[in-house]
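Text of run.txt (compact mmCIF, C-alpha atoms) as supplied:
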```txt
# COMPACT_ATOMS: atom_id res chain seq x y z
CA MET V 1 0.00 0.00 0.00
CA THR V 2 2.82 2.37 0.73
CA SER V 3 4.19 1.84 -2.75
CA SER V 4 0.85 2.69 -4.37
CA VAL V 5 0.58 5.89 -2.33
CA SER V 6 4.14 6.77 -3.22
CA PHE V 7 3.38 6.03 -6.90
CA ARG V 8 0.34 8.33 -6.81
CA ILE V 9 2.34 11.10 -5.18
CA THR V 10 5.07 10.73 -7.78
CA ARG V 11 2.57 10.67 -10.62
CA THR V 12 0.72 13.71 -9.25
CA ALA V 13 4.02 15.56 -8.86
CA GLU V 14 4.95 14.75 -12.46
CA GLU V 15 1.54 15.94 -13.70
CA LEU V 16 1.95 19.16 -11.70
CA ALA V 17 5.41 19.66 -13.18
CA GLN V 18 4.04 19.16 -16.70
CA THR V 19 1.18 21.56 -15.99
CA ILE V 20 3.61 24.16 -14.63
CA THR V 21 5.83 23.72 -17.70
CA ALA V 22 2.86 24.14 -20.05
CA LEU V 23 1.66 27.22 -18.16
CA THR V 24 5.16 28.69 -18.20
CA GLN V 25 5.39 28.18 -21.98
CA ARG V 26 2.01 29.82 -22.47
CA LEU V 27 3.05 32.71 -20.27
CA VAL V 28 6.24 33.20 -22.30
CA LYS V 29 4.23 33.19 -25.56
CA LEU V 30 1.74 35.68 -24.13
CA GLU V 31 4.55 37.96 -22.97
CA GLN V 32 6.11 37.81 -26.44
CA ARG V 33 2.77 38.64 -28.06
CA GLN V 34 2.29 41.50 -25.65
CA GLU V 35 5.73 42.88 -26.49
CA VAL V 36 5.01 42.68 -30.23
CA MET V 37 1.66 44.42 -29.74
CA GLU V 38 3.29 47.17 -27.67
CA ILE V 39 5.88 47.73 -30.40
CA GLN V 40 3.12 47.91 -33.04
CA LEU V 41 1.12 50.31 -30.89
CA ARG V 42 4.14 52.57 -30.40
CA GLN V 43 4.77 52.54 -34.15
CA GLN V 44 1.14 53.36 -34.92
CA LEU V 45 1.16 56.21 -32.40
CA LYS V 46 4.40 57.49 -33.89
CA ASP V 47 2.93 57.32 -37.41
CA ALA V 48 -0.26 59.04 -36.25
CA THR V 49 1.79 61.77 -34.61
CA CYS V 50 3.82 62.26 -37.80
CA VAL V 51 0.65 62.49 -39.86
CA ALA V 52 -0.85 64.89 -37.34
CA ASP V 53 2.29 67.05 -37.52
CA ASP V 54 2.15 67.03 -41.32
CA GLU V 55 -1.54 67.91 -41.29
CA ARG V 56 -0.94 70.63 -38.73
CA ALA V 57 1.82 72.12 -40.90
CA THR V 58 -0.47 72.00 -43.94
CA LEU V 59 -3.31 73.64 -42.02
CA ASP V 60 -0.94 76.32 -40.71
CA GLY V 61 0.09 77.04 -44.29
CA ILE V 62 -3.53 77.27 -45.40
CA GLU V 63 -4.33 79.55 -42.48
CA SER V 64 -1.42 81.79 -43.41
CA LEU V 65 -2.61 81.96 -47.03
CA LEU V 66 -6.13 82.82 -45.88
CA ARG V 67 -4.80 85.56 -43.63
CA GLU V 68 -2.73 87.02 -46.48
CA THR V 69 -5.73 86.84 -48.82
CA ARG V 70 -7.92 88.66 -46.29
CA GLU V 71 -5.27 91.34 -45.87
CA LEU V 72 -5.04 91.78 -49.64
CA LEU V 73 -8.82 92.02 -49.91
CA GLU V 74 -8.99 94.55 -47.10
CA SER V 75 -6.20 96.63 -48.59
CA SER V 76 -7.81 96.51 -52.05
CA GLU V 77 -11.18 97.49 -50.56
CA THR V 78 -9.52 100.35 -48.71
CA SER V 79 -7.70 101.55 -51.80
CA THR V 80 -10.88 101.22 -53.89
CA ALA V 81 -12.80 103.22 -51.30
CA ASP V 82 -10.04 105.86 -51.30
CA HIS V 83 -10.13 106.10 -55.10
CA GLU V 84 -13.91 106.42 -55.09
CA SER V 85 -13.83 109.12 -52.44
CA GLU V 86 -11.19 110.99 -54.47
CA ALA V 87 -13.23 110.57 -57.64
CA LEU V 88 -16.45 111.92 -56.13
CA PRO V 89 -15.12 115.37 -55.26
CA MET V 90 -13.61 115.60 -58.73
CA GLN V 91 -16.97 114.89 -60.26
CA SER V 92 -18.62 117.50 -58.10
CA ASP V 93 -15.86 119.94 -59.00
CA ASP V 94 -16.40 119.12 -62.66
CA GLU V 95 -20.12 119.69 -62.27
CA SER V 96 -19.62 122.98 -60.50
CA LEU V 97 -17.16 124.07 -63.18
CA SER V 98 -19.55 123.10 -65.95
CA SER V 99 -22.37 124.96 -64.23
CA GLU V 100 -20.13 128.02 -63.89
CA TYR V 101 -19.24 127.83 -67.59
CA SER V 102 -22.86 127.47 -68.53
CA GLN V 103 -23.75 130.55 -66.49
CA VAL V 104 -20.97 132.56 -68.07
CA ALA V 105 -21.93 131.55 -71.55
```
Structure re-expressed in structure tokens:
Amino acid sequence: MTSSVSFRITRTAEELAQTITALTQRLVKLEQRQEVMEIQLRQQLKDATCVADDERATLDGIESLLRETRELLESSETSTADHESEALPMQSDDESLSSEYSQVA
């Protein structure tokens, strides 16, 4: 009877050792997968950051162009308004001169 108990203990210990070995191998594989996934995630974040930087630079350029366009429009509107205001007094001067000439004649 002692030998059968000893055999069972030995067999159970061997099964436990095999189970521990299998679990250890699984753990190693999971750790390797996790490391690969972390590397991929870092790369994706890096790529996304690069794209975001490129997009930001493009948008900054567009914003700068819009600002310059607005300034040009404002300056052209201002110069057009100045030319119109200069032209109006000339027209009124011309009218007053023509009315003076018509009175003289």
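Atom to atom, CA of Arg70 (chain V) and CA of Ala57 (chain V) stand 19.9 Å apart.
Of note, CA of Ile9 (chain V) and CA of Val28 (chain V) are spaced 28.2 Å apart.
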So that all listed atoms of region 26-31 of chain V fit with 5 Å spare on each side, what axis-aligned box centre and edge lengths in Å, to one decimal, would you give as AutoDock Vina command-line options?
```
--center_x 4.0 --center_y 33.9 --center_z -22.9 --size_x 14.5 --size_y 18.1 --size_z 15.3
```
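CA of Cys50 (chain V) is found 19.7 Å from CA of Glu63 (chain V).
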